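Shown next: final.cif, containing mmCIF, C-alpha atoms, pLDDT in the B column; chains and numbers go by the auth columns.
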```cif
data_upload
#
loop_
_atom_site.group_PDB
_atom_site.id
_atom_site.type_symbol
_atom_site.label_atom_id
_atom_site.label_comp_id
_atom_site.label_asym_id
_atom_site.label_seq_id
_atom_site.Cartn_x
_atom_site.Cartn_y
_atom_site.Cartn_z
_atom_site.B_iso_or_equiv
_atom_site.auth_seq_id
_atom_site.auth_asym_id
ATOM 1 C CA MET A 1 19.866 -10.291 54.811 63.00 226 K
ATOM 2 C CA LYS A 2 19.370 -13.692 53.224 61.00 227 K
ATOM 3 C CA ARG A 3 15.629 -13.242 53.448 65.00 228 K
ATOM 4 C CA ILE A 4 15.840 -9.877 51.664 65.00 229 K
ATOM 5 C CA LEU A 5 17.984 -11.386 48.878 58.00 230 K
ATOM 6 C CA PHE A 6 15.571 -14.309 48.571 58.00 231 K
ATOM 7 C CA PHE A 7 12.566 -11.995 48.160 59.00 232 K
ATOM 8 C CA ALA A 8 14.484 -9.779 45.708 58.00 233 K
ATOM 9 C CA LEU A 9 15.324 -12.832 43.587 62.00 234 K
ATOM 10 C CA ILE A 10 11.717 -14.039 43.666 67.00 235 K
ATOM 11 C CA SER A 11 10.523 -10.539 42.653 62.00 236 K
ATOM 12 C CA ILE A 12 12.952 -10.391 39.734 62.00 237 K
ATOM 13 C CA LEU A 13 11.853 -13.818 38.513 58.00 238 K
ATOM 14 C CA PHE A 14 8.189 -12.850 38.831 59.00 239 K
ATOM 15 C CA ILE A 15 8.657 -9.566 36.947 61.00 240 K
ATOM 16 C CA SER A 16 10.688 -11.188 34.172 58.00 241 K
ATOM 17 C CA SER A 17 8.054 -13.903 33.730 58.00 242 K
ATOM 18 C CA CYS A 18 5.396 -11.197 33.140 59.00 243 K
ATOM 19 C CA GLY A 19 7.447 -9.257 30.592 62.00 244 K
ATOM 20 C CA THR A 20 6.729 -8.751 26.914 68.00 245 K
ATOM 21 C CA THR A 21 7.856 -11.465 24.541 69.00 246 K
ATOM 22 C CA VAL A 22 8.607 -11.014 20.842 59.00 247 K
ATOM 23 C CA GLU A 23 8.425 -13.770 18.266 64.00 248 K
ATOM 24 C CA ARG A 24 9.782 -13.272 14.767 60.00 249 K
ATOM 25 C CA VAL A 25 8.013 -14.823 11.799 59.00 250 K
ATOM 26 C CA GLU A 26 9.367 -15.828 8.411 66.00 251 K
ATOM 27 C CA PRO A 27 8.788 -13.413 5.513 62.00 252 K
ATOM 28 C CA GLY A 28 5.568 -14.272 3.714 60.00 253 K
ATOM 29 C CA THR A 29 3.921 -15.661 6.850 63.00 254 K
ATOM 30 C CA GLN A 30 1.952 -13.737 9.415 62.00 255 K
ATOM 31 C CA PRO A 31 -0.354 -14.926 12.166 65.00 256 K
ATOM 32 C CA ASP A 32 -3.877 -13.669 11.565 67.00 257 K
ATOM 33 C CA LEU A 33 -4.775 -12.574 15.095 65.00 258 K
ATOM 34 C CA SER A 34 -7.873 -10.455 14.544 75.00 259 K
ATOM 35 C CA GLY A 35 -9.298 -11.536 11.197 76.00 260 K
ATOM 36 C CA LEU A 36 -8.859 -7.970 9.957 82.00 261 K
ATOM 37 C CA TRP A 37 -6.861 -6.702 6.951 84.00 262 K
ATOM 38 C CA ASN A 38 -3.138 -7.413 7.379 87.00 263 K
ATOM 39 C CA ALA A 39 0.241 -7.475 5.584 86.00 264 K
ATOM 40 C CA ILE A 40 -0.355 -10.840 3.877 87.00 265 K
ATOM 41 C CA ASP A 41 -3.649 -9.546 2.454 89.00 266 K
ATOM 42 C CA ILE A 42 -1.840 -6.498 1.060 90.00 267 K
ATOM 43 C CA ARG A 43 0.778 -8.709 -0.591 88.00 268 K
ATOM 44 C CA ILE A 44 -1.805 -11.049 -2.155 90.00 269 K
ATOM 45 C CA VAL A 45 -3.882 -8.184 -3.534 92.00 270 K
ATOM 46 C CA CYS A 46 -0.945 -6.157 -4.849 91.00 271 K
ATOM 47 C CA ASP A 47 0.724 -9.154 -6.512 91.00 272 K
ATOM 48 C CA SER A 48 -2.528 -10.033 -8.264 93.00 273 K
ATOM 49 C CA LEU A 49 -3.257 -6.488 -9.478 93.00 274 K
ATOM 50 C CA ILE A 50 0.317 -5.852 -10.620 92.00 275 K
ATOM 51 C CA ARG A 51 0.416 -9.100 -12.617 92.00 276 K
ATOM 52 C CA ASP A 52 -2.920 -8.252 -14.211 93.00 277 K
ATOM 53 C CA MET A 53 -1.879 -4.729 -15.135 92.00 278 K
ATOM 54 C CA LEU A 54 1.533 -5.582 -16.577 91.00 279 K
ATOM 55 C CA SER A 55 0.177 -8.463 -18.674 93.00 280 K
ATOM 56 C CA ASN A 56 -2.886 -6.603 -19.959 94.00 281 K
ATOM 57 C CA PRO A 57 -3.110 -6.102 -23.767 95.00 282 K
ATOM 58 C CA ARG A 58 -4.285 -2.508 -23.284 93.00 283 K
ATOM 59 C CA ILE A 59 -1.090 -1.675 -21.382 93.00 284 K
ATOM 60 C CA ASP A 60 0.962 -3.378 -24.104 92.00 285 K
ATOM 61 C CA GLN A 61 -0.748 -1.141 -26.673 93.00 286 K
ATOM 62 C CA ILE A 62 -0.102 2.011 -24.623 92.00 287 K
ATOM 63 C CA ILE A 63 3.594 1.124 -24.392 92.00 288 K
ATOM 64 C CA ARG A 64 3.797 0.458 -28.148 92.00 289 K
ATOM 65 C CA ASP A 65 2.018 3.727 -28.928 91.00 290 K
ATOM 66 C CA ALA A 66 4.500 5.654 -26.750 89.00 291 K
ATOM 67 C CA GLY A 67 7.396 4.589 -28.983 86.00 292 K
ATOM 68 C CA ASN A 68 10.793 5.411 -27.477 87.00 293 K
ATOM 69 C CA ARG A 69 9.254 7.212 -24.501 90.00 294 K
ATOM 70 C CA LYS A 70 7.852 5.164 -21.642 91.00 295 K
ATOM 71 C CA PRO A 71 4.322 6.129 -20.560 94.00 296 K
ATOM 72 C CA VAL A 72 4.413 8.160 -17.328 94.00 297 K
ATOM 73 C CA ILE A 73 2.119 7.412 -14.399 94.00 298 K
ATOM 74 C CA ILE A 74 1.295 9.282 -11.228 92.00 299 K
ATOM 75 C CA VAL A 75 -0.159 7.437 -8.248 90.00 300 K
ATOM 76 C CA GLY A 76 -3.318 9.014 -6.932 89.00 301 K
ATOM 77 C CA ARG A 77 -5.303 7.952 -3.905 90.00 302 K
ATOM 78 C CA PHE A 78 -6.455 4.459 -2.996 93.00 303 K
ATOM 79 C CA ARG A 79 -9.589 5.239 -0.975 95.00 304 K
ATOM 80 C CA ASN A 80 -10.531 3.159 2.028 94.00 305 K
ATOM 81 C CA GLU A 81 -14.286 2.557 1.804 95.00 306 K
ATOM 82 C CA SER A 82 -14.224 -0.494 4.062 91.00 307 K
ATOM 83 C CA SER A 83 -15.631 -0.825 7.568 86.00 308 K
ATOM 84 C CA GLU A 84 -12.186 -0.805 9.231 89.00 309 K
ATOM 85 C CA HIS A 85 -9.019 1.258 9.352 91.00 310 K
ATOM 86 C CA ILE A 86 -6.759 0.370 6.414 91.00 311 K
ATOM 87 C CA ASP A 87 -3.608 2.274 5.493 91.00 312 K
ATOM 88 C CA THR A 88 -4.117 2.301 1.729 91.00 313 K
ATOM 89 C CA GLY A 89 -0.891 4.240 1.226 90.00 314 K
ATOM 90 C CA ILE A 90 0.930 0.917 1.597 91.00 315 K
ATOM 91 C CA ILE A 91 -0.998 -0.491 -1.377 91.00 316 K
ATOM 92 C CA SER A 92 -0.095 2.551 -3.492 90.00 317 K
ATOM 93 C CA GLU A 93 3.590 2.308 -2.604 90.00 318 K
ATOM 94 C CA ILE A 94 3.903 -1.440 -3.230 90.00 319 K
ATOM 95 C CA MET A 95 2.184 -1.158 -6.600 89.00 320 K
ATOM 96 C CA GLU A 96 4.264 1.853 -7.615 89.00 321 K
ATOM 97 C CA THR A 97 7.528 0.104 -6.696 90.00 322 K
ATOM 98 C CA ALA A 98 6.680 -3.125 -8.519 90.00 323 K
ATOM 99 C CA ILE A 99 5.402 -1.418 -11.671 89.00 324 K
ATOM 100 C CA PHE A 100 8.385 0.954 -11.783 89.00 325 K
ATOM 101 C CA ASN A 101 10.858 -1.904 -11.261 92.00 326 K
ATOM 102 C CA SER A 102 9.259 -3.805 -14.142 91.00 327 K
ATOM 103 C CA GLY A 103 10.885 -1.232 -16.424 91.00 328 K
ATOM 104 C CA ARG A 104 7.770 -0.883 -18.562 91.00 329 K
ATOM 105 C CA LEU A 105 6.392 2.384 -17.165 92.00 330 K
ATOM 106 C CA ASP A 106 7.783 5.525 -15.525 92.00 331 K
ATOM 107 C CA PHE A 107 6.400 7.454 -12.566 90.00 332 K
ATOM 108 C CA VAL A 108 6.397 11.074 -11.455 91.00 333 K
ATOM 109 C CA ALA A 109 6.334 12.125 -7.817 88.00 334 K
ATOM 110 C CA PRO A 110 2.931 12.271 -6.071 86.00 335 K
ATOM 111 C CA ALA A 111 1.335 15.587 -5.124 82.00 336 K
ATOM 112 C CA GLY A 112 2.746 15.980 -1.593 84.00 337 K
ATOM 113 C CA LEU A 113 6.304 15.210 -2.662 89.00 338 K
ATOM 114 C CA ARG A 114 6.039 17.466 -5.714 89.00 339 K
ATOM 115 C CA ASP A 115 5.222 20.411 -3.434 91.00 340 K
ATOM 116 C CA GLU A 116 8.415 19.776 -1.434 94.00 341 K
ATOM 117 C CA ILE A 117 10.513 19.483 -4.593 93.00 342 K
ATOM 118 C CA ARG A 118 9.003 22.676 -6.026 93.00 343 K
ATOM 119 C CA ALA A 119 9.828 24.531 -2.811 94.00 344 K
ATOM 120 C CA GLU A 120 13.426 23.318 -3.058 95.00 345 K
ATOM 121 C CA ARG A 121 13.627 24.316 -6.735 94.00 346 K
ATOM 122 C CA GLN A 122 12.286 27.773 -5.862 94.00 347 K
ATOM 123 C CA SER A 123 14.852 28.101 -3.087 95.00 348 K
ATOM 124 C CA GLN A 124 17.636 27.211 -5.504 94.00 349 K
ATOM 125 C CA GLN A 125 16.673 30.123 -7.768 93.00 350 K
ATOM 126 C CA GLN A 126 17.829 32.476 -5.007 93.00 351 K
ATOM 127 C CA ASN A 127 20.536 30.447 -3.291 95.00 352 K
ATOM 128 C CA ALA A 128 22.258 28.029 -5.689 93.00 353 K
ATOM 129 C CA SER A 129 25.008 28.796 -8.167 94.00 354 K
ATOM 130 C CA GLN A 130 24.009 29.248 -11.811 92.00 355 K
ATOM 131 C CA GLU A 131 25.957 26.101 -12.715 93.00 356 K
ATOM 132 C CA THR A 132 23.989 23.860 -10.345 94.00 357 K
ATOM 133 C CA VAL A 133 20.536 25.483 -10.095 94.00 358 K
ATOM 134 C CA ALA A 134 17.569 23.303 -11.098 93.00 359 K
ATOM 135 C CA ARG A 135 15.667 25.046 -13.875 92.00 360 K
ATOM 136 C CA MET A 136 11.991 25.945 -13.593 92.00 361 K
ATOM 137 C CA GLY A 137 9.316 24.596 -15.927 91.00 362 K
ATOM 138 C CA ARG A 138 11.074 21.302 -16.643 92.00 363 K
ATOM 139 C CA GLU A 139 8.696 18.891 -14.898 91.00 364 K
ATOM 140 C CA ILE A 140 7.491 15.824 -16.774 91.00 365 K
ATOM 141 C CA GLY A 141 3.733 15.645 -17.072 92.00 366 K
ATOM 142 C CA ALA A 142 2.071 12.329 -16.284 93.00 367 K
ATOM 143 C CA ASP A 143 0.048 10.562 -18.968 95.00 368 K
ATOM 144 C CA PHE A 144 -2.001 8.377 -16.610 95.00 369 K
ATOM 145 C CA MET A 145 -3.155 8.297 -12.983 95.00 370 K
ATOM 146 C CA LEU A 146 -3.372 5.096 -10.929 94.00 371 K
ATOM 147 C CA THR A 147 -6.139 5.138 -8.302 95.00 372 K
ATOM 148 C CA GLY A 148 -8.235 2.589 -6.458 95.00 373 K
ATOM 149 C CA THR A 149 -10.586 1.636 -3.658 96.00 374 K
ATOM 150 C CA VAL A 150 -10.754 -0.935 -0.862 95.00 375 K
ATOM 151 C CA ARG A 151 -14.211 -2.091 0.205 95.00 376 K
ATOM 152 C CA SER A 152 -15.317 -4.817 2.569 92.00 377 K
ATOM 153 C CA ASN A 153 -18.441 -6.873 3.122 91.00 378 K
ATOM 154 C CA VAL A 154 -19.132 -8.235 6.595 89.00 379 K
ATOM 155 C CA ASP A 155 -21.646 -11.042 7.150 88.00 380 K
ATOM 156 C CA ARG A 156 -22.438 -11.967 10.762 86.00 381 K
ATOM 157 C CA GLY A 157 -24.333 -14.888 12.194 83.00 382 K
ATOM 158 C CA ALA A 158 -24.292 -16.454 15.652 80.00 383 K
ATOM 159 C CA ASN A 159 -20.610 -16.527 16.724 84.00 384 K
ATOM 160 C CA ARG A 160 -19.213 -16.358 13.198 86.00 385 K
ATOM 161 C CA THR A 161 -18.197 -13.386 11.062 87.00 386 K
ATOM 162 C CA VAL A 162 -17.248 -13.596 7.382 89.00 387 K
ATOM 163 C CA ARG A 163 -15.204 -10.706 5.972 90.00 388 K
ATOM 164 C CA THR A 164 -14.627 -10.317 2.241 92.00 389 K
ATOM 165 C CA TYR A 165 -12.442 -7.575 0.785 93.00 390 K
ATOM 166 C CA PHE A 166 -12.906 -6.053 -2.669 95.00 391 K
ATOM 167 C CA VAL A 167 -9.977 -4.069 -4.070 95.00 392 K
ATOM 168 C CA ARG A 168 -10.137 -2.225 -7.387 96.00 393 K
ATOM 169 C CA ALA A 169 -7.326 -0.408 -9.187 95.00 394 K
ATOM 170 C CA GLU A 170 -7.865 1.903 -12.156 96.00 395 K
ATOM 171 C CA LEU A 171 -5.538 3.551 -14.656 96.00 396 K
ATOM 172 C CA THR A 172 -7.011 6.691 -16.227 97.00 397 K
ATOM 173 C CA ASN A 173 -5.746 8.857 -19.088 96.00 398 K
ATOM 174 C CA ILE A 174 -5.230 12.315 -17.551 95.00 399 K
ATOM 175 C CA GLU A 175 -5.876 14.207 -20.768 95.00 400 K
ATOM 176 C CA THR A 176 -9.046 12.399 -21.859 96.00 401 K
ATOM 177 C CA ASN A 177 -10.379 10.814 -18.614 96.00 402 K
ATOM 178 C CA ALA A 178 -10.581 7.504 -20.507 95.00 403 K
ATOM 179 C CA ARG A 179 -10.126 4.415 -18.382 95.00 404 K
ATOM 180 C CA VAL A 180 -7.334 2.353 -19.911 95.00 405 K
ATOM 181 C CA TRP A 181 -7.168 -0.477 -17.350 96.00 406 K
ATOM 182 C CA LEU A 182 -9.324 -1.824 -14.523 96.00 407 K
ATOM 183 C CA GLY A 183 -8.235 -4.526 -12.110 95.00 408 K
ATOM 184 C CA ASP A 184 -10.244 -6.226 -9.359 94.00 409 K
ATOM 185 C CA ASN A 185 -9.281 -8.559 -6.550 92.00 410 K
ATOM 186 C CA ASN A 186 -11.778 -10.224 -4.225 90.00 411 K
ATOM 187 C CA GLU A 187 -9.631 -13.185 -3.169 88.00 412 K
ATOM 188 C CA ILE A 188 -9.480 -12.220 0.524 89.00 413 K
ATOM 189 C CA THR A 189 -12.270 -13.855 2.510 90.00 414 K
ATOM 190 C CA LYS A 190 -11.894 -14.634 6.217 87.00 415 K
ATOM 191 C CA ILE A 191 -14.121 -16.617 8.552 87.00 416 K
ATOM 192 C CA VAL A 192 -13.699 -15.544 12.168 85.00 417 K
ATOM 193 C CA ASN A 193 -15.138 -17.768 14.899 85.00 418 K
ATOM 194 C CA ARG A 194 -15.458 -16.264 18.385 77.00 419 K
ATOM 195 C CA PRO A 195 -16.972 -17.473 21.667 76.00 420 K
ATOM 196 C CA ASN A 196 -19.041 -14.285 21.659 60.00 421 K
ATOM 197 C CA ASN A 197 -19.894 -12.406 18.466 44.00 422 K
ATOM 198 C CA ARG A 198 -18.042 -9.181 19.307 51.00 423 K
ATOM 199 C CA LEU A 199 -17.059 -8.085 15.770 49.00 424 K
#
```
What would you get if you wrote out this structure as structure tokens?
Amino acid sequence: MKRILFFALISILFISSCGTTVERVEPGTQPDLSGLWNAIDIRIVCDSLIRDMLSNPRIDQIIRDAGNRKPVIIVGRFRNESSEHIDTGIISEIMETAIFNSGRLDFVAPAGLRDEIRAERQSQQQNASQETVARMGREIGADFMLTGTVRSNVDRGANRTVRTYFVRAELTNIETNARVWLGDNNEITKIVNRPNNRL
């Protein structure tokens, strides 16, 4: 019996020593394990583009021209044209939140969410009381659309890979197609050294 207990204890210790471990990191820091696009890169790029947009003289002029009404923006697509998988929706959401919270510009819901809201409004026409029903044809039209792209350049040599990311954001007048602001960020460059050049 003692032998069985001894082996059971050894097995438990062995299994627990092979288990998954989790290490928390402080906000604003993240280990760069792969050399690929990560959360810190997103934060650097978004902070830079947001600062540039909100301090741009063209945006100041648009806000002045709008008078008492804040200009209204809709967030379009940030296209991933890089060589790796990047969830560009995160970039869109961070920029939208920061610009909206600045209090200088207003936003309307993006296309997918608008479809859900319209379906709910249509349902209310049949099912809600007259006192509480949301009226049709009361949507606010956006003045401008915010879009962008993420591209990457990869340079390989021997056991070293250099990755540089180029992110562009654009604000376009929906009525005229005129570009009213362009912002670029190419601050993210990473040198990845590997025993074997597998990237």
Checklist entry - For the file shown, what are the residues hit by the PyMOL selection byres ((chain K and resi 295) around 12), laid out as a list in words? => result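 What the PyMOL selection byres ((chain K and resi 295) around 12) grabs from the file is Ile284, Asp285, Gln286, Ile287, Ile288, Arg289, Asp290, Ala291, Gly292, Asn293, Arg294, Pro296, Val297, Ile298, Phe325, Ser327, Gly328, Arg329, Leu330, Asp331, Phe332, Val333, Ile365, Ala367, Asp368 and Phe369 of chain K.
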Next on the checklist: Assuming the chain letters and numbering stay as they are in my file, what does the PyMOL selection byres ((chain K and resi 371) around 12) actually select? List them as a PyMOL selection string.
Outcome noted: chain K and resi 274-275+278+297-304+316-318+320-321+324+330+332-333+335+367-370+372-374+393-399+402+404-408
File dump, residues just selected, C-alpha atoms, as a CSV table (one decimal), in the frame of the given file:
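Done, and the output landed in result.csv:
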```
chain,number,residue,atom,x,y,z
K,274,LEU,CA,-3.3,-6.5,-9.5
K,275,ILE,CA,0.3,-5.9,-10.6
K,278,MET,CA,-1.9,-4.7,-15.1
K,297,VAL,CA,4.4,8.2,-17.3
K,298,ILE,CA,2.1,7.4,-14.4
K,299,ILE,CA,1.3,9.3,-11.2
K,300,VAL,CA,-0.2,7.4,-8.2
K,301,GLY,CA,-3.3,9.0,-6.9
K,302,ARG,CA,-5.3,8.0,-3.9
K,303,PHE,CA,-6.5,4.5,-3.0
K,304,ARG,CA,-9.6,5.2,-1.0
K,316,ILE,CA,-1.0,-0.5,-1.4
K,317,SER,CA,-0.1,2.6,-3.5
K,318,GLU,CA,3.6,2.3,-2.6
K,320,MET,CA,2.2,-1.2,-6.6
K,321,GLU,CA,4.3,1.9,-7.6
K,324,ILE,CA,5.4,-1.4,-11.7
K,330,LEU,CA,6.4,2.4,-17.2
K,332,PHE,CA,6.4,7.5,-12.6
K,333,VAL,CA,6.4,11.1,-11.5
K,335,PRO,CA,2.9,12.3,-6.1
K,367,ALA,CA,2.1,12.3,-16.3
K,368,ASP,CA,0.0,10.6,-19.0
K,369,PHE,CA,-2.0,8.4,-16.6
K,370,MET,CA,-3.2,8.3,-13.0
K,372,THR,CA,-6.1,5.1,-8.3
K,373,GLY,CA,-8.2,2.6,-6.5
K,374,THR,CA,-10.6,1.6,-3.7
K,393,ARG,CA,-10.1,-2.2,-7.4
K,394,ALA,CA,-7.3,-0.4,-9.2
K,395,GLU,CA,-7.9,1.9,-12.2
K,396,LEU,CA,-5.5,3.6,-14.7
K,397,THR,CA,-7.0,6.7,-16.2
K,398,ASN,CA,-5.7,8.9,-19.1
K,399,ILE,CA,-5.2,12.3,-17.6
K,402,ASN,CA,-10.4,10.8,-18.6
K,404,ARG,CA,-10.1,4.4,-18.4
K,405,VAL,CA,-7.3,2.4,-19.9
K,406,TRP,CA,-7.2,-0.5,-17.4
K,407,LEU,CA,-9.3,-1.8,-14.5
K,408,GLY,CA,-8.2,-4.5,-12.1
```
Checklist entry - Taking the file as shown, what set of residues would the PyMOL selection byres ((chain K and resi 384-386) around 7) give back, as an MDAnalysis selection string? => result chainID K and resid 379:383 387:388 416:422
Checklist outcome for this item: Students should find that atom CA of Ile267 of chain K and atom CA of Glu306 of chain K are spaced 15.4 Å
Checklist entry - If you measure from atom CA of Tyr390 of chain K to atom CA of Ile413 of chain K, what distance in Å do you get, rounded to one decimal? => result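 Interatomic distance, atom CA of Tyr390 of chain K to atom CA of Ile413 of chain K: 5.5 Å.
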Item to check | Point-to-point distance in Å for atom CA of Ser377 of chain K and atom CA of Thr389 of chain K | outcome: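 Answer for the atom CA of Thr389 of chain K to atom CA of Ser377 of chain K separation: 5.6 Å.
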